[in-house]
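Enquirer: The file below is target_34.tsv, TSV, C-alpha atoms:
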chain	number	residue	atom	x	y	z
A	50	MET	CA	19.74	-23.27	11.18
A	51	ILE	CA	18.16	-21.82	8.06
A	52	TYR	CA	14.75	-21.07	9.63
A	53	ILE	CA	16.22	-18.91	12.37
A	54	ARG	CA	18.23	-16.99	9.76
A	55	LEU	CA	15.01	-16.50	7.76
A	56	ILE	CA	13.20	-15.18	10.82
A	57	LEU	CA	16.03	-12.79	11.69
A	58	GLU	CA	16.45	-11.43	8.17
A	59	TYR	CA	12.74	-10.86	7.50
A	60	PHE	CA	12.07	-9.39	10.92
A	61	LYS	CA	14.86	-6.93	10.17
A	62	ILE	CA	13.26	-5.97	6.85
A	63	GLY	CA	9.88	-5.51	8.52
A	64	LEU	CA	11.44	-3.30	11.16
A	65	PHE	CA	13.70	-1.14	9.02
A	66	SER	CA	12.03	-0.67	5.66
A	67	PHE	CA	10.31	2.71	5.69
A	68	GLY	CA	8.20	4.28	3.00
A	69	GLY	CA	6.48	1.26	1.53
A	70	GLY	CA	6.25	0.46	-2.15
A	71	TYR	CA	9.66	-0.77	-3.10
A	72	ALA	CA	11.39	0.09	0.17
A	73	THR	CA	11.91	-3.59	0.99
A	74	LEU	CA	13.79	-4.28	-2.24
A	75	PRO	CA	17.27	-3.03	-1.27
A	76	PHE	CA	17.15	-5.41	1.71
A	77	LEU	CA	16.14	-8.31	-0.50
A	78	TYR	CA	18.98	-7.65	-2.92
A	79	HIS	CA	21.29	-7.60	0.06
A	80	ILE	CA	19.95	-11.02	1.19
A	81	SER	CA	20.36	-12.39	-2.32
A	82	GLU	CA	24.00	-11.33	-2.47
A	83	ASN	CA	24.90	-12.47	1.03
A	84	PHE	CA	22.95	-15.67	1.65
A	85	HIS	CA	22.29	-16.96	-1.89
A	86	TRP	CA	18.80	-18.13	-0.92
A	87	PHE	CA	17.69	-16.88	-4.33
A	88	SER	CA	19.47	-15.28	-7.26
A	89	THR	CA	19.11	-11.62	-8.22
A	90	LYS	CA	17.58	-12.87	-11.48
A	91	GLN	CA	14.92	-14.74	-9.50
A	92	LEU	CA	14.36	-11.61	-7.46
A	93	SER	CA	13.81	-9.34	-10.44
A	94	ASP	CA	11.53	-11.96	-12.03
A	95	MET	CA	9.53	-12.02	-8.83
A	96	ILE	CA	9.26	-8.23	-8.74
A	97	ALA	CA	7.95	-8.24	-12.33
A	98	VAL	CA	5.42	-10.97	-11.59
A	99	SER	CA	4.29	-9.45	-8.30
A	100	SER	CA	2.60	-6.62	-10.19
A	101	ILE	CA	0.01	-9.08	-11.47
A	102	THR	CA	-0.29	-11.19	-8.32
A	103	PRO	CA	-2.42	-9.94	-5.46
A	104	GLY	CA	-0.79	-8.23	-2.50
A	105	PRO	CA	1.98	-5.71	-1.87
A	106	VAL	CA	5.28	-6.30	-3.69
A	107	GLY	CA	7.25	-6.56	-0.44
A	108	VAL	CA	5.01	-9.32	0.91
A	109	ASN	CA	5.04	-11.20	-2.40
A	110	VAL	CA	8.81	-11.21	-2.63
A	111	ALA	CA	9.14	-12.30	1.01
A	112	THR	CA	6.78	-15.24	0.45
A	113	TYR	CA	8.62	-16.25	-2.69
A	114	SER	CA	12.10	-16.03	-1.27
A	115	GLY	CA	10.96	-17.90	1.85
A	116	TYR	CA	9.57	-20.59	-0.41
A	117	THR	CA	12.75	-20.97	-2.46
A	118	THR	CA	14.74	-21.15	0.77
A	119	GLY	CA	12.66	-23.43	2.97
A	120	GLY	CA	9.56	-24.63	1.15
A	121	ILE	CA	6.04	-23.84	2.33
A	122	PHE	CA	7.18	-23.60	5.94
A	123	GLY	CA	9.92	-21.16	4.92
A	124	ALA	CA	7.34	-19.11	2.99
A	125	LEU	CA	5.08	-18.94	6.05
A	126	LEU	CA	7.95	-17.92	8.31
A	127	ALA	CA	9.27	-15.21	5.97
A	128	THR	CA	5.80	-13.71	5.36
A	129	PHE	CA	4.87	-13.79	9.03
A	130	THR	CA	8.11	-12.32	10.34
A	131	LEU	CA	8.00	-9.53	7.73
A	132	ILE	CA	4.58	-8.51	9.04
A	133	LEU	CA	5.23	-8.99	12.76
A	134	PRO	CA	7.05	-5.68	13.48
A	135	SER	CA	4.22	-3.82	11.71
A	136	LEU	CA	1.63	-5.59	13.82
A	137	ILE	CA	3.37	-4.69	17.07
A	138	ILE	CA	4.19	-1.08	16.17
A	139	VAL	CA	0.88	-0.18	14.51
A	140	VAL	CA	-1.19	-1.63	17.35
A	141	ILE	CA	0.79	0.47	19.86
A	142	VAL	CA	0.47	3.65	17.77
A	143	ALA	CA	-3.26	3.03	17.21
A	144	LYS	CA	-3.82	2.65	20.95
A	145	LEU	CA	-1.89	5.83	21.77
A	146	LEU	CA	-3.82	7.67	19.07
A	147	ALA	CA	-7.17	6.52	20.45
A	148	LYS	CA	-6.13	7.64	23.92
A	149	PHE	CA	-4.94	11.13	22.96
A	150	ARG	CA	-7.24	11.88	20.03
A	151	GLU	CA	-9.01	14.73	21.82
A	152	ASN	CA	-5.74	16.45	22.76
A	153	LYS	CA	-5.46	19.77	20.88
A	154	TYR	CA	-1.89	19.14	19.76
A	155	VAL	CA	-2.70	15.66	18.48
A	156	LYS	CA	-5.62	17.20	16.60
A	157	ALA	CA	-3.34	19.85	15.12
A	158	ALA	CA	-0.82	17.17	14.11
A	159	ILE	CA	-3.49	15.09	12.35
A	160	TYR	CA	-4.82	18.22	10.64
A	161	ALA	CA	-1.37	18.74	9.05
A	162	LEU	CA	-0.66	15.03	8.57
A	163	LYS	CA	-3.57	14.42	6.19
A	164	PRO	CA	-2.59	16.88	3.43
A	165	ALA	CA	0.99	15.57	3.73
A	166	GLY	CA	-0.24	12.01	3.13
A	167	CYS	CA	-2.25	13.27	0.17
A	168	GLY	CA	0.78	15.13	-1.24
A	169	LEU	CA	2.95	12.01	-0.91
A	170	LEU	CA	0.38	9.99	-2.82
A	171	ALA	CA	0.36	12.69	-5.51
A	172	ALA	CA	4.13	12.27	-5.86
A	173	VAL	CA	3.59	8.51	-6.24
A	174	ALA	CA	0.95	9.17	-8.90
A	175	ILE	CA	3.34	11.32	-10.95
A	176	GLN	CA	5.99	8.62	-10.75
A	177	LEU	CA	3.56	5.83	-11.68
A	178	PHE	CA	2.24	7.91	-14.57
A	179	ARG	CA	5.73	8.46	-15.97
A	180	GLU	CA	6.64	4.78	-15.60
A	181	ASN	CA	3.50	3.24	-17.01
A	182	ILE	CA	1.93	5.65	-19.46
A	183	SER	CA	4.14	6.40	-22.43
A	184	GLN	CA	2.54	4.73	-25.44
A	185	ILE	CA	-0.48	6.05	-27.32
A	186	TRP	CA	-2.77	3.15	-26.33
A	187	ALA	CA	-1.97	3.79	-22.66
A	188	TYR	CA	-2.85	7.49	-23.00
A	189	ILE	CA	-6.15	6.56	-24.68
A	190	LEU	CA	-6.96	4.01	-21.95
A	191	PHE	CA	-5.96	6.51	-19.26
A	192	PHE	CA	-8.16	9.33	-20.52
A	193	GLY	CA	-10.96	6.86	-21.31
A	194	LEU	CA	-10.99	5.70	-17.69
A	195	ILE	CA	-10.76	9.28	-16.38
A	196	ILE	CA	-13.78	10.29	-18.49
A	197	MET	CA	-15.59	7.16	-17.34
A	198	SER	CA	-14.94	8.11	-13.71
A	199	VAL	CA	-17.17	11.16	-14.10
A	200	LYS	CA	-20.15	8.93	-14.87
A	201	VAL	CA	-19.32	5.64	-13.13
A	202	LYS	CA	-18.98	5.36	-9.38
A	203	LYS	CA	-15.45	4.47	-8.34
A	204	ASN	CA	-15.43	0.69	-8.03
A	205	PRO	CA	-11.76	-0.40	-8.11
A	206	LEU	CA	-12.69	-3.82	-9.47
A	207	VAL	CA	-14.28	-2.29	-12.59
A	208	TYR	CA	-11.22	-0.17	-13.33
A	209	LEU	CA	-8.69	-2.98	-12.77
A	210	GLY	CA	-10.75	-5.55	-14.67
A	211	LEU	CA	-11.33	-3.25	-17.61
A	212	SER	CA	-7.68	-2.23	-17.89
A	213	ALA	CA	-6.50	-5.86	-17.59
A	214	LEU	CA	-8.89	-6.80	-20.40
A	215	VAL	CA	-7.72	-3.94	-22.62
A	216	GLY	CA	-4.09	-4.90	-21.95
A	217	LEU	CA	-4.70	-8.57	-22.76
A	218	SER	CA	-6.66	-7.80	-25.95
A	219	LEU	CA	-4.02	-5.39	-27.22
A	220	GLY	CA	-1.38	-7.99	-26.39
A	221	LEU	CA	-3.20	-10.69	-28.34
A	222	LEU	CA	-3.59	-8.30	-31.27
A	223	LYS	CA	0.19	-7.67	-31.04
A	224	PHE	CA	-0.25	-3.96	-30.32
A	225	ILE	CA	1.87	-4.17	-27.16
B	189	MET	CA	-22.40	-6.64	8.65
B	190	GLN	CA	-21.19	-7.26	12.19
B	191	LYS	CA	-17.59	-6.55	13.10
B	192	THR	CA	-16.66	-10.12	14.00
B	193	PHE	CA	-13.22	-11.67	13.53
B	194	TRP	CA	-14.48	-13.80	10.66
B	195	ASN	CA	-16.27	-10.92	8.87
B	196	ILE	CA	-13.20	-8.72	9.14
B	197	TYR	CA	-11.04	-11.57	7.82
B	198	LYS	CA	-13.37	-12.15	4.86
B	199	THR	CA	-13.57	-8.46	3.97
B	200	PHE	CA	-9.79	-8.10	4.03
B	201	PHE	CA	-9.36	-11.35	2.12
B	202	LYS	CA	-11.44	-9.80	-0.68
B	203	ILE	CA	-9.41	-6.59	-0.55
B	204	GLY	CA	-6.19	-8.62	-0.58
B	205	ALA	CA	-7.30	-10.67	-3.57
B	206	LEU	CA	-7.90	-7.50	-5.59
B	207	LEU	CA	-4.69	-5.80	-4.55
B	208	LEU	CA	-3.14	-5.81	-8.02
B	209	GLY	CA	-0.32	-3.67	-9.36
B	210	GLY	CA	1.41	-3.22	-6.01
B	211	GLY	CA	-0.05	-2.04	-2.74
B	212	TYR	CA	-1.33	1.32	-3.97
B	213	VAL	CA	-4.82	0.00	-4.70
B	214	ILE	CA	-5.35	-0.59	-0.96
B	215	LEU	CA	-6.67	2.98	-0.54
B	216	PRO	CA	-9.44	2.88	-3.17
B	217	MET	CA	-10.28	-0.66	-2.02
B	218	LEU	CA	-10.63	0.39	1.62
B	219	GLN	CA	-12.74	3.39	0.63
B	220	SER	CA	-15.04	1.22	-1.43
B	221	GLU	CA	-15.28	-1.83	0.88
B	222	ILE	CA	-14.79	-0.45	4.39
B	223	SER	CA	-16.13	3.07	4.15
B	224	GLU	CA	-18.80	3.04	1.41
B	225	LYS	CA	-20.19	-0.51	1.49
B	226	LYS	CA	-19.86	-1.37	5.19
B	227	GLY	CA	-19.60	1.99	6.91
B	228	TRP	CA	-16.96	0.56	9.26
B	229	ALA	CA	-14.69	3.62	9.06
B	230	THR	CA	-14.94	7.10	7.56
B	231	THR	CA	-12.87	8.20	4.57
B	232	ASP	CA	-11.32	10.75	6.93
B	233	GLU	CA	-10.04	8.01	9.23
B	234	ILE	CA	-8.69	5.99	6.32
B	235	ILE	CA	-6.73	9.02	5.05
B	236	GLU	CA	-5.31	9.53	8.52
B	237	TYR	CA	-4.27	5.85	8.77
B	238	TYR	CA	-2.68	6.05	5.34
B	239	ALA	CA	-0.58	9.07	6.29
B	240	LEU	CA	0.49	7.42	9.54
B	241	SER	CA	1.24	4.12	7.80
B	242	GLN	CA	3.79	5.86	5.63
B	243	SER	CA	5.77	7.07	8.59
B	244	LEU	CA	5.93	3.68	10.30
B	245	PRO	CA	8.20	0.78	9.30
B	246	GLY	CA	6.89	-2.06	7.18
B	247	VAL	CA	4.70	-2.51	4.13
B	248	ILE	CA	2.17	0.34	3.86
B	249	ALA	CA	-0.77	-1.85	2.77
B	250	ALA	CA	-0.11	-4.09	5.79
B	251	ASN	CA	0.18	-1.16	8.20
B	252	ILE	CA	-3.06	0.47	7.07
B	253	SER	CA	-4.92	-2.88	7.26
B	254	ILE	CA	-3.71	-3.29	10.86
B	255	PHE	CA	-4.87	0.26	11.71
B	256	VAL	CA	-8.36	-0.41	10.34
B	257	GLY	CA	-8.57	-3.86	11.97
B	258	GLN	CA	-7.44	-2.47	15.32
B	259	LYS	CA	-10.15	0.20	15.13
B	260	LEU	CA	-12.83	-2.39	14.36
B	261	LEU	CA	-12.06	-5.09	16.92
B	262	GLY	CA	-8.89	-4.31	18.88
B	263	ILE	CA	-5.93	-6.65	18.55
B	264	ARG	CA	-8.14	-9.49	17.30
B	265	GLY	CA	-9.39	-7.18	14.55
B	266	ALA	CA	-5.83	-6.22	13.66
B	267	ILE	CA	-4.86	-9.88	13.34
B	268	ALA	CA	-7.99	-10.67	11.31
B	269	ALA	CA	-7.29	-7.78	8.92
B	270	ILE	CA	-3.60	-8.48	8.36
B	271	THR	CA	-4.00	-12.24	7.91
B	272	GLY	CA	-6.99	-11.64	5.62
B	273	VAL	CA	-5.14	-9.20	3.40
B	274	ILE	CA	-2.05	-11.39	2.98
B	275	THR	CA	-3.71	-14.81	2.59
B	276	PRO	CA	-4.53	-14.34	-1.13
B	277	ALA	CA	-1.03	-12.97	-1.73
B	278	PHE	CA	0.50	-15.96	0.04
B	279	LEU	CA	-1.56	-18.54	-1.84
B	280	ALA	CA	-0.92	-16.88	-5.20
B	281	ILE	CA	2.84	-16.91	-4.74
B	282	ILE	CA	2.94	-20.53	-3.56
B	283	LEU	CA	0.93	-21.50	-6.65
B	284	ILE	CA	3.17	-19.72	-9.15
B	285	ALA	CA	6.54	-20.14	-7.40
B	286	ASN	CA	7.52	-23.15	-9.48
B	287	ILE	CA	6.56	-21.67	-12.86
B	288	LEU	CA	7.89	-18.19	-12.16
B	289	SER	CA	10.59	-18.07	-14.82
B	290	GLU	CA	8.17	-19.24	-17.54
B	291	LEU	CA	5.53	-16.77	-16.40
B	292	VAL	CA	7.89	-13.82	-16.74
B	293	THR	CA	8.62	-14.53	-20.38
B	294	LYS	CA	4.93	-14.91	-21.33
B	295	HIS	CA	3.79	-12.11	-23.60
B	296	SER	CA	0.17	-12.18	-22.40
B	297	VAL	CA	1.30	-11.72	-18.79
B	298	HIS	CA	3.18	-8.59	-19.79
B	299	SER	CA	0.25	-7.13	-21.70
B	300	ILE	CA	-2.17	-7.77	-18.81
B	301	PHE	CA	0.26	-6.03	-16.49
B	302	SER	CA	0.71	-3.05	-18.83
B	303	GLY	CA	-3.06	-2.64	-18.88
B	304	VAL	CA	-3.50	-3.01	-15.11
B	305	ALA	CA	-0.72	-0.49	-14.52
B	306	VAL	CA	-2.79	2.16	-16.32
B	307	GLY	CA	-5.85	1.26	-14.23
B	308	VAL	CA	-3.77	1.60	-11.06
B	309	VAL	CA	-2.66	5.13	-12.06
B	310	VAL	CA	-6.30	6.14	-12.64
B	311	LEU	CA	-7.41	4.69	-9.29
B	312	VAL	CA	-4.60	6.46	-7.45
B	313	ILE	CA	-5.55	9.78	-9.08
B	314	LEU	CA	-9.23	9.33	-8.19
B	315	THR	CA	-8.20	8.58	-4.61
B	316	ILE	CA	-6.06	11.73	-4.47
B	317	LYS	CA	-9.08	13.74	-5.60
B	318	GLU	CA	-11.15	12.40	-2.70
B	319	MET	CA	-8.32	12.81	-0.20
B	320	TRP	CA	-7.83	16.37	-1.44
B	321	ASN	CA	-11.49	17.21	-0.78
B	322	LYS	CA	-11.20	15.91	2.77
B	323	SER	CA	-7.79	17.22	3.76
B	324	VAL	CA	-6.85	20.31	1.75
B	325	THR	CA	-9.21	22.92	3.10
B	326	ASP	CA	-7.26	26.17	3.49
B	327	LYS	CA	-3.96	27.95	2.73
B	328	PHE	CA	-2.07	26.07	5.42
B	329	THR	CA	-3.11	22.60	4.24
B	330	THR	CA	-2.54	23.58	0.58
B	331	PHE	CA	1.00	24.58	1.49
B	332	ILE	CA	1.60	21.23	3.23
B	333	PHE	CA	0.15	19.33	0.28
B	334	ILE	CA	2.42	21.07	-2.26
B	335	ALA	CA	5.50	20.79	-0.05
B	336	ALA	CA	4.90	17.05	0.59
B	337	MET	CA	4.32	16.41	-3.11
B	338	ILE	CA	7.55	18.15	-4.17
B	339	LEU	CA	9.65	16.55	-1.42
B	340	GLY	CA	8.13	13.13	-2.16
B	341	PHE	CA	8.88	13.60	-5.84
B	342	VAL	CA	12.55	14.36	-5.19
B	343	LYS	CA	12.72	11.18	-3.08
B	344	VAL	CA	12.94	12.63	0.40
B	345	SER	CA	11.95	9.77	2.73
B	346	PRO	CA	8.22	9.79	3.59
B	347	VAL	CA	9.22	9.36	7.22
B	348	TRP	CA	10.77	12.84	7.33
B	349	ILE	CA	7.90	14.38	5.38
B	350	ILE	CA	5.31	12.97	7.78
B	351	ILE	CA	7.30	13.88	10.89
B	352	GLY	CA	7.89	17.37	9.45
B	353	SER	CA	4.18	17.88	8.78
B	354	ILE	CA	3.32	16.81	12.32
B	355	LEU	CA	5.80	19.33	13.74
B	356	ILE	CA	4.54	22.13	11.47
B	357	GLY	CA	0.96	21.29	12.49
B	358	ILE	CA	1.82	21.59	16.18
B	359	ILE	CA	3.85	24.80	15.70
B	360	ASN	CA	0.98	26.28	13.70
B	361	ARG	CA	-1.41	25.42	16.53
B	362	ILE	CA	0.81	27.12	19.09
B	363	LYS	CA	1.21	30.25	16.95
B	364	ASN	CA	-2.45	30.54	15.92
B	365	PRO	CA	-4.40	29.08	18.83
B	366	LYS	CA	-7.79	29.52	17.12
B	367	GLU	CA	-7.12	28.76	13.48
B	368	ALA	CA	-6.47	25.04	13.62
B	369	GLU	CA	-9.58	24.11	15.59
Could you render the structure from this file as structure tokens?

Expert:
Amino acid sequence: MIYIRLILEYFKIGLFSFGGGYATLPFLYHISENFHWFSTKQLSDMIAVSSITPGPVGVNVATYSGYTTGGIFGALLATFTLILPSLIIVVIVAKLLAKFRENKYVKAAIYALKPAGCGLLAAVAIQLFRENISQIWAYILFFGLIIMSVKVKKNPLVYLGLSALVGLSLGLLKFI
Amino acid sequence: MQKTFWNIYKTFFKIGALLLGGGYVILPMLQSEISEKKGWATTDEIIEYYALSQSLPGVIAANISIFVGQKLLGIRGAIAAITGVITPAFLAIILIANILSELVTKHSVHSIFSGVAVGVVVLVILTIKEMWNKSVTDKFTTFIFIAAMILGFVKVSPVWIIIGSILIGIINRIKNPKEAE
């Protein structure tokens, strides 16, 4: 029964992929090789496209592979079962946190946790910078946006829209 | 805006629709929509949820949405937030699933993505700046920041980095009972 297999495989990914970003991908390659629900070529196409579709890469690829396997119903199942472990675990952690927030050790843990989260994001930023900013136009766009950020309040929509527009225009002009 | 199921769903639907270039944009989006526009959570809380989300299994953008939703309206809020944030993603993929292979070879798609990728880097850096102001306040937190950045860069799993920081925080509290207040 293909739907039960889908549920099992995606629940497993949701439960065991730590670290976000591309952490789900090794599991998906594993599925591709073992179950042949989708080819590795389809998978890498999907990863490329998921950077311009809304939503996290992991969720996008789950929806897509569910769709290729079992149609719309398969897509719903794969997406839902990927998210389900998160829903259960995060709700439990959030409740515990609310209960013990005033505890001095919990406070001390959160006090150290926040700079660690910030440092991890900084590591992501370095990696993203090295992957995505190598050509001259990208440097110009990057520093242009940074300078703009001093004057313009940080509205993510403005930054994403502007950079999409610059990318498209440069593409049409055959610069990239 | 009242914290009803429907309002939470709508807000997260908007955030989900604008979640381009991977899940990283979730942080600046939450800061802008949840903390600045609606005042539903403080930036401090969002940073805390982000750090915790990294140490739990699953997709980070999904985890942090569930944290915020749970804070706003309990389990119903968590369900509203997570379904809201993934609905646009789901619809988008269903729409393009059949033309995927053509889409990948389209030059204009690539150039839009190359542009957006730069915007994502800028947004992430601006978010780090704000997180820094809220979380790196003394020698101890500066040390944790630098250590987490280096370990993250050399691909140590975020799970260990977050667990390590929690332990160091607690040990620090035991050793210096006053300092960490």

Enquirer: Please enclose the listed atoms of region 216-225 of chain A in an axis-aligned box, pad each side by 8 Å, and write out the centre and the three edge lengths in Å, rounded to one decimal, as AutoDock Vina command-line options.

Expert:
--center_x -2.4 --center_y -7.3 --center_z -26.6 --size_x 24.5 --size_y 22.7 --size_z 25.3

Enquirer: Ranking B:Ser299, B:Ser223, B:Thr293, B:Thr231 by minimum distance to chain A and counting all atoms listed in the file, which one comes first?

Expert: B:Ser299

Enquirer: Taking all atoms listed in the file into account, name the residue in A:Ser212, A:Ser183, A:Ser93, A:Thr117 that is nearest to chain B.

Expert: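 Between A:Ser212, A:Ser183, A:Ser93, A:Thr117, the residue approaching chain B most closely is A:Ser212.
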
Enquirer: Give me, please, the distance in Å between CA of Leu217 (chain A) and CA of Ser296 (chain B), quoted to one decimal.

Expert: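 Value for the CA of Leu217 (chain A)-CA of Ser296 (chain B) distance: 6.1 Å.
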
Enquirer: Could you jot down the CA of Met337 (chain B) to CA of Phe301 (chain B) separation for me, Å, one decimal place?

Expert: 26.4 Å

Enquirer: For a cut-off of 12 Å around (-8.2, 9.1, -6.1), file coordinates, pick out all residues using only C-alpha atoms and list them as JSON, numbers by chain.

Expert: {"A": [167, 168, 170, 171, 173, 174, 195, 198, 202, 203, 204, 205], "B": [212, 213, 214, 215, 216, 217, 218, 219, 220, 231, 235, 307, 308, 309, 310, 311, 312, 313, 314, 315, 316, 317, 318, 319, 320, 321, 322]}

Enquirer: Quote the spacing between CA of Phe67 (chain A) and CA of Lys163 (chain A) in Å to one decimal place.

Expert: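 Computed distance, CA of Phe67 (chain A) to CA of Lys163 (chain A), equals 18.2 Å.
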
Enquirer: Taking only C-alpha atoms into account, what are the residues of chain A at most 6 Å from chain B, put as number ranges by chain?

Expert: A: 63-69, 100-101, 103-106, 135, 154, 157-158, 161-166, 168-169, 171-172, 208-209, 212-213, 216-217, 220

Enquirer: So which residues touch Glu58 (chain A) within 9 Å, counting all atoms listed in the file, skipping near sequence neighbours fewer than 4 positions away, as a VMD selection string?

Expert: chain A and resid 53 to 54 62 to 63 76 80 127 130 to 131

Enquirer: Could I get region 256-269 of chain B rebuilt with N, CA, C and O atoms, written as a CSV table (one decimal), in the coordinates of the input?

Expert:
chain,number,residue,atom,x,y,z
B,256,VAL,N,-6.9,-0.3,10.5
B,256,VAL,CA,-8.4,-0.4,10.3
B,256,VAL,C,-8.9,-1.6,11.2
B,256,VAL,O,-9.9,-1.4,11.9
B,257,GLY,N,-8.2,-2.7,11.2
B,257,GLY,CA,-8.6,-3.9,12.0
B,257,GLY,C,-8.6,-3.6,13.5
B,257,GLY,O,-9.5,-3.9,14.2
B,258,GLN,N,-7.5,-2.9,13.9
B,258,GLN,CA,-7.4,-2.5,15.3
B,258,GLN,C,-8.6,-1.6,15.7
B,258,GLN,O,-9.2,-1.7,16.8
B,259,LYS,N,-9.0,-0.7,14.8
B,259,LYS,CA,-10.2,0.2,15.1
B,259,LYS,C,-11.4,-0.6,15.3
B,259,LYS,O,-12.3,-0.3,16.1
B,260,LEU,N,-11.6,-1.6,14.4
B,260,LEU,CA,-12.8,-2.4,14.4
B,260,LEU,C,-13.0,-3.3,15.5
B,260,LEU,O,-14.1,-3.5,16.1
B,261,LEU,N,-11.9,-4.0,15.9
B,261,LEU,CA,-12.1,-5.1,16.9
B,261,LEU,C,-10.8,-5.3,17.8
B,261,LEU,O,-10.4,-6.4,18.1
B,262,GLY,N,-10.1,-4.2,18.1
B,262,GLY,CA,-8.9,-4.3,18.9
B,262,GLY,C,-7.8,-5.2,18.2
B,262,GLY,O,-7.8,-5.3,17.0
B,263,ILE,N,-7.0,-5.8,19.1
B,263,ILE,CA,-5.9,-6.6,18.6
B,263,ILE,C,-6.4,-7.8,17.7
B,263,ILE,O,-5.9,-8.1,16.7
B,264,ARG,N,-7.6,-8.4,18.1
B,264,ARG,CA,-8.1,-9.5,17.3
B,264,ARG,C,-8.5,-9.0,15.9
B,264,ARG,O,-8.3,-9.7,14.9
B,265,GLY,N,-9.1,-7.8,15.8
B,265,GLY,CA,-9.4,-7.2,14.6
B,265,GLY,C,-8.1,-6.9,13.7
B,265,GLY,O,-8.1,-7.2,12.5
B,266,ALA,N,-7.1,-6.5,14.4
B,266,ALA,CA,-5.8,-6.2,13.7
B,266,ALA,C,-5.3,-7.5,13.1
B,266,ALA,O,-4.9,-7.5,11.9
B,267,ILE,N,-5.4,-8.6,13.8
B,267,ILE,CA,-4.9,-9.9,13.3
B,267,ILE,C,-5.7,-10.4,12.2
B,267,ILE,O,-5.3,-10.9,11.2
B,268,ALA,N,-7.1,-10.2,12.4
B,268,ALA,CA,-8.0,-10.7,11.3
B,268,ALA,C,-7.7,-9.9,10.0
B,268,ALA,O,-7.6,-10.5,8.9
B,269,ALA,N,-7.5,-8.6,10.1
B,269,ALA,CA,-7.3,-7.8,8.9
B,269,ALA,C,-6.0,-8.1,8.2
B,269,ALA,O,-5.9,-8.3,7.0
